[in-house]
Amino acid sequence: MPIDLYSIIIYPILFILPAYVANGAPILSKGRWRGKYLLDRGRKIGGRRILGNNKTLPGTLISMLGGIIVSLIEWPFLPYMLPLGVLLTIGANVGDLAGSFIKRMARVAPGKNVPILDQYDFLIGAFVFALPFAAYFPDVYGIIFLIALTGVMHVLTNLGAYRLKLKDVPW
């Protein structure tokens with residue numbers, strides 16, 4: 001049985017690309033805004049920060065802009081990708097913020113790696129927010145491919161960002 005590269009690899013990548021870009025784009029604002037324009041405004045719950053110093057308004061805006069630009073590029077070829085890409089972008093942000101909130105409430109130190117949560121929080125959020133467009137989701141093999149790709153890409157992109165001195169830790 002031949003492997004259908006389009007449905008297993010190419011389409012899933014095109015589908016999730018707005019979320020991937022949204023998840024990676026905030027690193028472009030790193031350093032300039034650290035400690036400024038915090039999404040949680042320094043607020044705490046039970047003595048613990050809600051999100052922490054790495055979640056800023058500029059980072060979120062860059063994330064949203066990046067995901068929407070990718071959606072606009074894909075839109076002429078896949079007309080449903082503009083609304084779907086916007087939902088994937090919003091979901092990626094919400095998922096990432098939810099992961100940060102969970103880490104802060106669990107007293108995980110900022111910058112500390114939490115396996116699975118750190119790799120997949122944005123992906124879960126993206127899928128949940130994109131559910132109104134479930135008819136356009138990749139098939140089960142494409143989803144499995146995206147789960148595997150996300151794990152690998154998380155390691156490689158974070159290592160690259162660390163080596164480029166965009167991140168303080170390689171995870």
# chains A, B, ... in the order shown; residues from 1 in each chain; ligands from 1
$ select_by_dssp --residues "region 10-143 of chain A" --states "helix (DSSP H, G or I)" --output "PyMOL selection string"
chain A and resi 10-29+57-74+81-105+117-129+131-136+140-143
$ write_last_selection --atoms "C-alpha atoms" --output "PDB file, in the first residue's frame"
ATOM      1  CA  ILE A  10       2.194  17.805   3.627  1.00  0.00           C
ATOM      2  CA  TYR A  11      -1.420  18.674   4.466  1.00  0.00           C
ATOM      3  CA  PRO A  12      -0.953  18.238   8.231  1.00  0.00           C
ATOM      4  CA  ILE A  13       2.002  20.651   8.128  1.00  0.00           C
ATOM      5  CA  LEU A  14       0.022  23.206   6.101  1.00  0.00           C
ATOM      6  CA  PHE A  15      -2.894  22.778   8.503  1.00  0.00           C
ATOM      7  CA  ILE A  16      -0.907  23.349  11.714  1.00  0.00           C
ATOM      8  CA  LEU A  17       1.595  25.913  10.384  1.00  0.00           C
ATOM      9  CA  PRO A  18      -0.270  28.982  11.747  1.00  0.00           C
ATOM     10  CA  ALA A  19      -0.141  27.440  15.248  1.00  0.00           C
ATOM     11  CA  TYR A  20       3.527  26.475  14.872  1.00  0.00           C
ATOM     12  CA  VAL A  21       4.472  30.015  13.811  1.00  0.00           C
ATOM     13  CA  ALA A  22       2.316  31.518  16.569  1.00  0.00           C
ATOM     14  CA  ASN A  23       4.028  29.291  19.129  1.00  0.00           C
ATOM     15  CA  GLY A  24       7.543  30.196  18.003  1.00  0.00           C
ATOM     16  CA  ALA A  25       7.157  33.870  17.127  1.00  0.00           C
ATOM     17  CA  PRO A  26       7.197  35.369  20.668  1.00  0.00           C
ATOM     18  CA  ILE A  27      10.915  34.591  20.971  1.00  0.00           C
ATOM     19  CA  LEU A  28      11.432  37.527  18.592  1.00  0.00           C
ATOM     20  CA  SER A  29      10.378  39.902  21.376  1.00  0.00           C
ATOM     21  CA  LEU A  57       1.639  41.622  25.504  1.00  0.00           C
ATOM     22  CA  PRO A  58       4.296  42.231  22.793  1.00  0.00           C
ATOM     23  CA  GLY A  59       5.071  38.498  22.633  1.00  0.00           C
ATOM     24  CA  THR A  60       1.384  37.671  22.312  1.00  0.00           C
ATOM     25  CA  LEU A  61       0.870  40.306  19.610  1.00  0.00           C
ATOM     26  CA  ILE A  62       3.872  38.995  17.641  1.00  0.00           C
ATOM     27  CA  SER A  63       2.472  35.486  18.021  1.00  0.00           C
ATOM     28  CA  MET A  64      -0.952  36.525  16.747  1.00  0.00           C
ATOM     29  CA  LEU A  65       0.542  38.494  13.858  1.00  0.00           C
ATOM     30  CA  GLY A  66       2.788  35.597  12.813  1.00  0.00           C
ATOM     31  CA  GLY A  67      -0.040  33.047  12.804  1.00  0.00           C
ATOM     32  CA  ILE A  68      -2.387  35.358  10.922  1.00  0.00           C
ATOM     33  CA  ILE A  69       0.256  36.174   8.288  1.00  0.00           C
ATOM     34  CA  VAL A  70       0.742  32.452   7.641  1.00  0.00           C
ATOM     35  CA  SER A  71      -3.036  32.064   7.396  1.00  0.00           C
ATOM     36  CA  LEU A  72      -3.199  34.892   4.857  1.00  0.00           C
ATOM     37  CA  ILE A  73      -0.448  33.267   2.776  1.00  0.00           C
ATOM     38  CA  GLU A  74      -2.277  29.915   2.781  1.00  0.00           C
ATOM     39  CA  MET A  81      -7.395  28.594   6.166  1.00  0.00           C
ATOM     40  CA  LEU A  82      -7.987  32.238   7.031  1.00  0.00           C
ATOM     41  CA  PRO A  83     -10.693  31.608   9.647  1.00  0.00           C
ATOM     42  CA  LEU A  84      -9.203  28.242  10.589  1.00  0.00           C
ATOM     43  CA  GLY A  85      -5.712  29.714  10.898  1.00  0.00           C
ATOM     44  CA  VAL A  86      -6.971  32.513  13.119  1.00  0.00           C
ATOM     45  CA  LEU A  87      -8.601  29.932  15.413  1.00  0.00           C
ATOM     46  CA  LEU A  88      -5.448  27.791  15.410  1.00  0.00           C
ATOM     47  CA  THR A  89      -3.405  30.888  16.303  1.00  0.00           C
ATOM     48  CA  ILE A  90      -5.711  31.928  19.137  1.00  0.00           C
ATOM     49  CA  GLY A  91      -5.845  28.343  20.390  1.00  0.00           C
ATOM     50  CA  ALA A  92      -2.055  28.012  20.333  1.00  0.00           C
ATOM     51  CA  ASN A  93      -1.794  31.135  22.485  1.00  0.00           C
ATOM     52  CA  VAL A  94      -4.502  30.030  24.909  1.00  0.00           C
ATOM     53  CA  GLY A  95      -2.936  26.569  25.182  1.00  0.00           C
ATOM     54  CA  ASP A  96       0.490  28.033  25.873  1.00  0.00           C
ATOM     55  CA  LEU A  97      -0.923  30.406  28.484  1.00  0.00           C
ATOM     56  CA  ALA A  98      -2.835  27.545  30.106  1.00  0.00           C
ATOM     57  CA  GLY A  99       0.405  25.555  30.284  1.00  0.00           C
ATOM     58  CA  SER A 100       2.170  28.492  31.951  1.00  0.00           C
ATOM     59  CA  PHE A 101      -0.703  28.901  34.404  1.00  0.00           C
ATOM     60  CA  ILE A 102      -0.546  25.194  35.319  1.00  0.00           C
ATOM     61  CA  LYS A 103       3.222  25.403  35.830  1.00  0.00           C
ATOM     62  CA  ARG A 104       2.947  28.497  38.041  1.00  0.00           C
ATOM     63  CA  MET A 105       0.148  26.982  40.156  1.00  0.00           C
ATOM     64  CA  LEU A 117       3.074  19.969  28.975  1.00  0.00           C
ATOM     65  CA  ASP A 118       5.762  22.217  27.466  1.00  0.00           C
ATOM     66  CA  GLN A 119       5.733  20.395  24.129  1.00  0.00           C
ATOM     67  CA  TYR A 120       2.012  19.992  23.570  1.00  0.00           C
ATOM     68  CA  ASP A 121       0.070  22.718  25.437  1.00  0.00           C
ATOM     69  CA  PHE A 122      -0.104  24.954  22.355  1.00  0.00           C
ATOM     70  CA  LEU A 123      -1.012  22.047  20.068  1.00  0.00           C
ATOM     71  CA  ILE A 124      -3.898  20.955  22.281  1.00  0.00           C
ATOM     72  CA  GLY A 125      -5.171  24.534  22.477  1.00  0.00           C
ATOM     73  CA  ALA A 126      -4.930  24.906  18.698  1.00  0.00           C
ATOM     74  CA  PHE A 127      -6.894  21.715  18.068  1.00  0.00           C
ATOM     75  CA  VAL A 128      -9.578  22.635  20.607  1.00  0.00           C
ATOM     76  CA  PHE A 129     -10.117  26.130  19.185  1.00  0.00           C
ATOM     77  CA  LEU A 131     -12.935  22.251  16.349  1.00  0.00           C
ATOM     78  CA  PRO A 132     -15.542  24.299  14.428  1.00  0.00           C
ATOM     79  CA  PHE A 133     -13.475  23.372  11.355  1.00  0.00           C
ATOM     80  CA  ALA A 134     -13.084  19.697  12.289  1.00  0.00           C
ATOM     81  CA  ALA A 135     -14.041  18.664   8.746  1.00  0.00           C
ATOM     82  CA  TYR A 136     -10.688  20.083   7.607  1.00  0.00           C
ATOM     83  CA  VAL A 140      -5.708  10.093  12.064  1.00  0.00           C
ATOM     84  CA  TYR A 141      -2.331   9.354  10.450  1.00  0.00           C
ATOM     85  CA  GLY A 142      -1.786  13.067   9.873  1.00  0.00           C
ATOM     86  CA  ILE A 143      -2.611  13.811  13.517  1.00  0.00           C
TER      87      ILE A 143
END
$ atom_distance --atom1 "CA of Asp168 (chain A)" --atom2 "CA of Arg43 (chain A)"
23.9 Å
$ closest_residue --among "A:Ile144, A:Phe137, A:Pro110, A:Leu51" --to "Tyr80 (chain A)" --atoms "only C-alpha atoms"
A:Phe137
$ select_by_dssp --residues "chain A" --states "strand (DSSP E or B)" --output "ChimeraX atom specification"
/A:38,44-45,48-49,56
$ write_last_selection --atoms "N, CA and C atoms" --output "PDB file, in the first residue's frame"
ATOM      1  N   LEU A  38       3.470  42.838  31.128  1.00  0.00           N
ATOM      2  CA  LEU A  38       3.155  41.462  31.500  1.00  0.00           C
ATOM      3  C   LEU A  38       1.666  41.193  31.346  1.00  0.00           C
ATOM      4  N   LYS A  44      -0.946  37.739  41.424  1.00  0.00           N
ATOM      5  CA  LYS A  44      -0.712  36.411  41.992  1.00  0.00           C
ATOM      6  C   LYS A  44      -2.030  35.776  42.440  1.00  0.00           C
ATOM      7  N   ILE A  45      -2.003  34.467  42.491  1.00  0.00           N
ATOM      8  CA  ILE A  45      -3.085  33.679  43.085  1.00  0.00           C
ATOM      9  C   ILE A  45      -2.424  32.802  44.133  1.00  0.00           C
ATOM     10  N   ARG A  48       1.313  32.921  44.224  1.00  0.00           N
ATOM     11  CA  ARG A  48       2.047  32.478  43.033  1.00  0.00           C
ATOM     12  C   ARG A  48       1.645  33.325  41.833  1.00  0.00           C
ATOM     13  N   ARG A  49       2.634  33.697  41.032  1.00  0.00           N
ATOM     14  CA  ARG A  49       2.344  34.457  39.814  1.00  0.00           C
ATOM     15  C   ARG A  49       1.382  33.668  38.939  1.00  0.00           C
ATOM     16  N   THR A  56       4.178  38.171  27.778  1.00  0.00           N
ATOM     17  CA  THR A  56       4.016  39.618  27.634  1.00  0.00           C
ATOM     18  C   THR A  56       3.041  39.947  26.515  1.00  0.00           C
TER      19      THR A  56
END
$ atom_distance --atom1 "CA of Ala161 (chain A)" --atom2 "CA of Lys112 (chain A)"
15.9 Å
$ decode --residues "region 40-90 of chain A" --atoms "N, CA and C atoms" --output "PDB file, in the first residue's frame"
ATOM      1  N   ASP A  40      -0.072  39.046  32.980  1.00  0.00           N
ATOM      2  CA  ASP A  40      -0.705  38.892  34.295  1.00  0.00           C
ATOM      3  C   ASP A  40      -0.534  40.133  35.173  1.00  0.00           C
ATOM      4  N   ARG A  41       0.169  41.152  34.626  1.00  0.00           N
ATOM      5  CA  ARG A  41       0.422  42.427  35.310  1.00  0.00           C
ATOM      6  C   ARG A  41       1.038  42.222  36.699  1.00  0.00           C
ATOM      7  N   GLY A  42       1.757  41.106  36.882  1.00  0.00           N
ATOM      8  CA  GLY A  42       2.421  40.820  38.148  1.00  0.00           C
ATOM      9  C   GLY A  42       1.497  40.248  39.217  1.00  0.00           C
ATOM     10  N   ARG A  43       0.269  39.996  38.856  1.00  0.00           N
ATOM     11  CA  ARG A  43      -0.706  39.504  39.834  1.00  0.00           C
ATOM     12  C   ARG A  43      -0.421  38.069  40.242  1.00  0.00           C
ATOM     13  N   LYS A  44      -0.946  37.739  41.424  1.00  0.00           N
ATOM     14  CA  LYS A  44      -0.712  36.411  41.992  1.00  0.00           C
ATOM     15  C   LYS A  44      -2.030  35.776  42.440  1.00  0.00           C
ATOM     16  N   ILE A  45      -2.003  34.467  42.491  1.00  0.00           N
ATOM     17  CA  ILE A  45      -3.085  33.679  43.085  1.00  0.00           C
ATOM     18  C   ILE A  45      -2.424  32.802  44.133  1.00  0.00           C
ATOM     19  N   GLY A  46      -2.874  32.911  45.347  1.00  0.00           N
ATOM     20  CA  GLY A  46      -2.276  32.111  46.414  1.00  0.00           C
ATOM     21  C   GLY A  46      -0.792  32.336  46.571  1.00  0.00           C
ATOM     22  N   GLY A  47      -0.336  33.556  46.327  1.00  0.00           N
ATOM     23  CA  GLY A  47       1.078  33.876  46.458  1.00  0.00           C
ATOM     24  C   GLY A  47       1.924  33.477  45.264  1.00  0.00           C
ATOM     25  N   ARG A  48       1.313  32.921  44.224  1.00  0.00           N
ATOM     26  CA  ARG A  48       2.047  32.478  43.033  1.00  0.00           C
ATOM     27  C   ARG A  48       1.645  33.325  41.833  1.00  0.00           C
ATOM     28  N   ARG A  49       2.634  33.697  41.032  1.00  0.00           N
ATOM     29  CA  ARG A  49       2.344  34.457  39.814  1.00  0.00           C
ATOM     30  C   ARG A  49       1.382  33.668  38.939  1.00  0.00           C
ATOM     31  N   ILE A  50       0.532  34.376  38.237  1.00  0.00           N
ATOM     32  CA  ILE A  50      -0.462  33.726  37.375  1.00  0.00           C
ATOM     33  C   ILE A  50       0.200  33.143  36.133  1.00  0.00           C
ATOM     34  N   LEU A  51       1.041  33.927  35.462  1.00  0.00           N
ATOM     35  CA  LEU A  51       1.691  33.469  34.237  1.00  0.00           C
ATOM     36  C   LEU A  51       3.208  33.590  34.272  1.00  0.00           C
ATOM     37  N   GLY A  52       3.734  34.615  34.874  1.00  0.00           N
ATOM     38  CA  GLY A  52       5.181  34.792  34.947  1.00  0.00           C
ATOM     39  C   GLY A  52       5.681  35.868  34.004  1.00  0.00           C
ATOM     40  N   ASN A  53       6.976  36.134  34.069  1.00  0.00           N
ATOM     41  CA  ASN A  53       7.604  37.230  33.319  1.00  0.00           C
ATOM     42  C   ASN A  53       7.765  36.959  31.832  1.00  0.00           C
ATOM     43  N   ASN A  54       7.621  35.723  31.394  1.00  0.00           N
ATOM     44  CA  ASN A  54       7.830  35.411  29.980  1.00  0.00           C
ATOM     45  C   ASN A  54       6.581  35.559  29.134  1.00  0.00           C
ATOM     46  N   LYS A  55       5.471  35.908  29.726  1.00  0.00           N
ATOM     47  CA  LYS A  55       4.220  36.072  28.976  1.00  0.00           C
ATOM     48  C   LYS A  55       3.879  37.558  28.935  1.00  0.00           C
ATOM     49  N   THR A  56       4.178  38.171  27.778  1.00  0.00           N
ATOM     50  CA  THR A  56       4.016  39.618  27.634  1.00  0.00           C
ATOM     51  C   THR A  56       3.041  39.947  26.515  1.00  0.00           C
ATOM     52  N   LEU A  57       2.528  41.145  26.562  1.00  0.00           N
ATOM     53  CA  LEU A  57       1.639  41.622  25.504  1.00  0.00           C
ATOM     54  C   LEU A  57       2.371  41.681  24.153  1.00  0.00           C
ATOM     55  N   PRO A  58       3.599  42.221  24.089  1.00  0.00           N
ATOM     56  CA  PRO A  58       4.296  42.231  22.793  1.00  0.00           C
ATOM     57  C   PRO A  58       4.517  40.820  22.237  1.00  0.00           C
ATOM     58  N   GLY A  59       4.878  39.871  23.086  1.00  0.00           N
ATOM     59  CA  GLY A  59       5.071  38.498  22.633  1.00  0.00           C
ATOM     60  C   GLY A  59       3.783  37.902  22.090  1.00  0.00           C
ATOM     61  N   THR A  60       2.677  38.178  22.758  1.00  0.00           N
ATOM     62  CA  THR A  60       1.384  37.671  22.312  1.00  0.00           C
ATOM     63  C   THR A  60       0.980  38.322  20.996  1.00  0.00           C
ATOM     64  N   LEU A  61       1.211  39.618  20.862  1.00  0.00           N
ATOM     65  CA  LEU A  61       0.870  40.306  19.610  1.00  0.00           C
ATOM     66  C   LEU A  61       1.718  39.785  18.446  1.00  0.00           C
ATOM     67  N   ILE A  62       3.003  39.559  18.681  1.00  0.00           N
ATOM     68  CA  ILE A  62       3.872  38.995  17.641  1.00  0.00           C
ATOM     69  C   ILE A  62       3.395  37.595  17.272  1.00  0.00           C
ATOM     70  N   SER A  63       3.001  36.826  18.258  1.00  0.00           N
ATOM     71  CA  SER A  63       2.472  35.486  18.021  1.00  0.00           C
ATOM     72  C   SER A  63       1.227  35.537  17.138  1.00  0.00           C
ATOM     73  N   MET A  64       0.289  36.404  17.512  1.00  0.00           N
ATOM     74  CA  MET A  64      -0.952  36.525  16.747  1.00  0.00           C
ATOM     75  C   MET A  64      -0.661  36.991  15.315  1.00  0.00           C
ATOM     76  N   LEU A  65       0.192  37.976  15.174  1.00  0.00           N
ATOM     77  CA  LEU A  65       0.542  38.494  13.858  1.00  0.00           C
ATOM     78  C   LEU A  65       1.181  37.407  12.989  1.00  0.00           C
ATOM     79  N   GLY A  66       2.124  36.663  13.564  1.00  0.00           N
ATOM     80  CA  GLY A  66       2.788  35.597  12.813  1.00  0.00           C
ATOM     81  C   GLY A  66       1.818  34.540  12.321  1.00  0.00           C
ATOM     82  N   GLY A  67       0.932  34.067  13.195  1.00  0.00           N
ATOM     83  CA  GLY A  67      -0.040  33.047  12.804  1.00  0.00           C
ATOM     84  C   GLY A  67      -1.012  33.551  11.755  1.00  0.00           C
ATOM     85  N   ILE A  68      -1.440  34.794  11.884  1.00  0.00           N
ATOM     86  CA  ILE A  68      -2.387  35.358  10.922  1.00  0.00           C
ATOM     87  C   ILE A  68      -1.720  35.596   9.564  1.00  0.00           C
ATOM     88  N   ILE A  69      -0.458  36.011   9.557  1.00  0.00           N
ATOM     89  CA  ILE A  69       0.256  36.174   8.288  1.00  0.00           C
ATOM     90  C   ILE A  69       0.353  34.842   7.559  1.00  0.00           C
ATOM     91  N   VAL A  70       0.687  33.776   8.269  1.00  0.00           N
ATOM     92  CA  VAL A  70       0.742  32.452   7.641  1.00  0.00           C
ATOM     93  C   VAL A  70      -0.635  32.079   7.089  1.00  0.00           C
ATOM     94  N   SER A  71      -1.677  32.357   7.854  1.00  0.00           N
ATOM     95  CA  SER A  71      -3.036  32.064   7.396  1.00  0.00           C
ATOM     96  C   SER A  71      -3.373  32.828   6.123  1.00  0.00           C
ATOM     97  N   LEU A  72      -2.952  34.087   6.058  1.00  0.00           N
ATOM     98  CA  LEU A  72      -3.199  34.892   4.857  1.00  0.00           C
ATOM     99  C   LEU A  72      -2.439  34.352   3.648  1.00  0.00           C
ATOM    100  N   ILE A  73      -1.238  33.844   3.873  1.00  0.00           N
ATOM    101  CA  ILE A  73      -0.448  33.267   2.776  1.00  0.00           C
ATOM    102  C   ILE A  73      -1.112  31.989   2.274  1.00  0.00           C
ATOM    103  N   GLU A  74      -1.649  31.188   3.174  1.00  0.00           N
ATOM    104  CA  GLU A  74      -2.277  29.915   2.781  1.00  0.00           C
ATOM    105  C   GLU A  74      -3.680  30.106   2.195  1.00  0.00           C
ATOM    106  N   TRP A  75      -4.337  31.185   2.567  1.00  0.00           N
ATOM    107  CA  TRP A  75      -5.733  31.427   2.214  1.00  0.00           C
ATOM    108  C   TRP A  75      -6.056  31.317   0.719  1.00  0.00           C
ATOM    109  N   PRO A  76      -5.245  31.874  -0.199  1.00  0.00           N
ATOM    110  CA  PRO A  76      -5.603  31.743  -1.621  1.00  0.00           C
ATOM    111  C   PRO A  76      -5.610  30.291  -2.121  1.00  0.00           C
ATOM    112  N   PHE A  77      -4.838  29.448  -1.467  1.00  0.00           N
ATOM    113  CA  PHE A  77      -4.725  28.052  -1.899  1.00  0.00           C
ATOM    114  C   PHE A  77      -5.695  27.139  -1.158  1.00  0.00           C
ATOM    115  N   LEU A  78      -5.960  27.481   0.088  1.00  0.00           N
ATOM    116  CA  LEU A  78      -6.894  26.738   0.936  1.00  0.00           C
ATOM    117  C   LEU A  78      -7.837  27.775   1.550  1.00  0.00           C
ATOM    118  N   PRO A  79      -8.942  28.096   0.885  1.00  0.00           N
ATOM    119  CA  PRO A  79      -9.785  29.227   1.290  1.00  0.00           C
ATOM    120  C   PRO A  79     -10.298  29.202   2.734  1.00  0.00           C
ATOM    121  N   TYR A  80     -10.386  28.040   3.325  1.00  0.00           N
ATOM    122  CA  TYR A  80     -10.852  27.935   4.717  1.00  0.00           C
ATOM    123  C   TYR A  80      -9.745  28.256   5.717  1.00  0.00           C
ATOM    124  N   MET A  81      -8.513  28.418   5.236  1.00  0.00           N
ATOM    125  CA  MET A  81      -7.395  28.594   6.166  1.00  0.00           C
ATOM    126  C   MET A  81      -7.358  29.949   6.854  1.00  0.00           C
ATOM    127  N   LEU A  82      -8.009  30.958   6.324  1.00  0.00           N
ATOM    128  CA  LEU A  82      -7.987  32.238   7.031  1.00  0.00           C
ATOM    129  C   LEU A  82      -8.754  32.129   8.349  1.00  0.00           C
ATOM    130  N   PRO A  83     -10.018  31.741   8.344  1.00  0.00           N
ATOM    131  CA  PRO A  83     -10.693  31.608   9.647  1.00  0.00           C
ATOM    132  C   PRO A  83     -10.124  30.478  10.492  1.00  0.00           C
ATOM    133  N   LEU A  84      -9.776  29.368   9.850  1.00  0.00           N
ATOM    134  CA  LEU A  84      -9.203  28.242  10.589  1.00  0.00           C
ATOM    135  C   LEU A  84      -7.854  28.631  11.190  1.00  0.00           C
ATOM    136  N   GLY A  85      -7.022  29.308  10.410  1.00  0.00           N
ATOM    137  CA  GLY A  85      -5.712  29.714  10.898  1.00  0.00           C
ATOM    138  C   GLY A  85      -5.793  30.697  12.057  1.00  0.00           C
ATOM    139  N   VAL A  86      -6.781  31.584  12.007  1.00  0.00           N
ATOM    140  CA  VAL A  86      -6.971  32.513  13.119  1.00  0.00           C
ATOM    141  C   VAL A  86      -7.341  31.730  14.385  1.00  0.00           C
ATOM    142  N   LEU A  87      -8.228  30.756  14.248  1.00  0.00           N
ATOM    143  CA  LEU A  87      -8.601  29.932  15.413  1.00  0.00           C
ATOM    144  C   LEU A  87      -7.417  29.113  15.918  1.00  0.00           C
ATOM    145  N   LEU A  88      -6.640  28.543  15.006  1.00  0.00           N
ATOM    146  CA  LEU A  88      -5.448  27.791  15.410  1.00  0.00           C
ATOM    147  C   LEU A  88      -4.472  28.696  16.158  1.00  0.00           C
ATOM    148  N   THR A  89      -4.312  29.921  15.683  1.00  0.00           N
ATOM    149  CA  THR A  89      -3.405  30.888  16.303  1.00  0.00           C
ATOM    150  C   THR A  89      -3.885  31.269  17.702  1.00  0.00           C
ATOM    151  N   ILE A  90      -5.155  31.590  17.824  1.00  0.00           N
ATOM    152  CA  ILE A  90      -5.711  31.928  19.137  1.00  0.00           C
ATOM    153  C   ILE A  90      -5.585  30.730  20.069  1.00  0.00           C
TER     154      ILE A  90
END
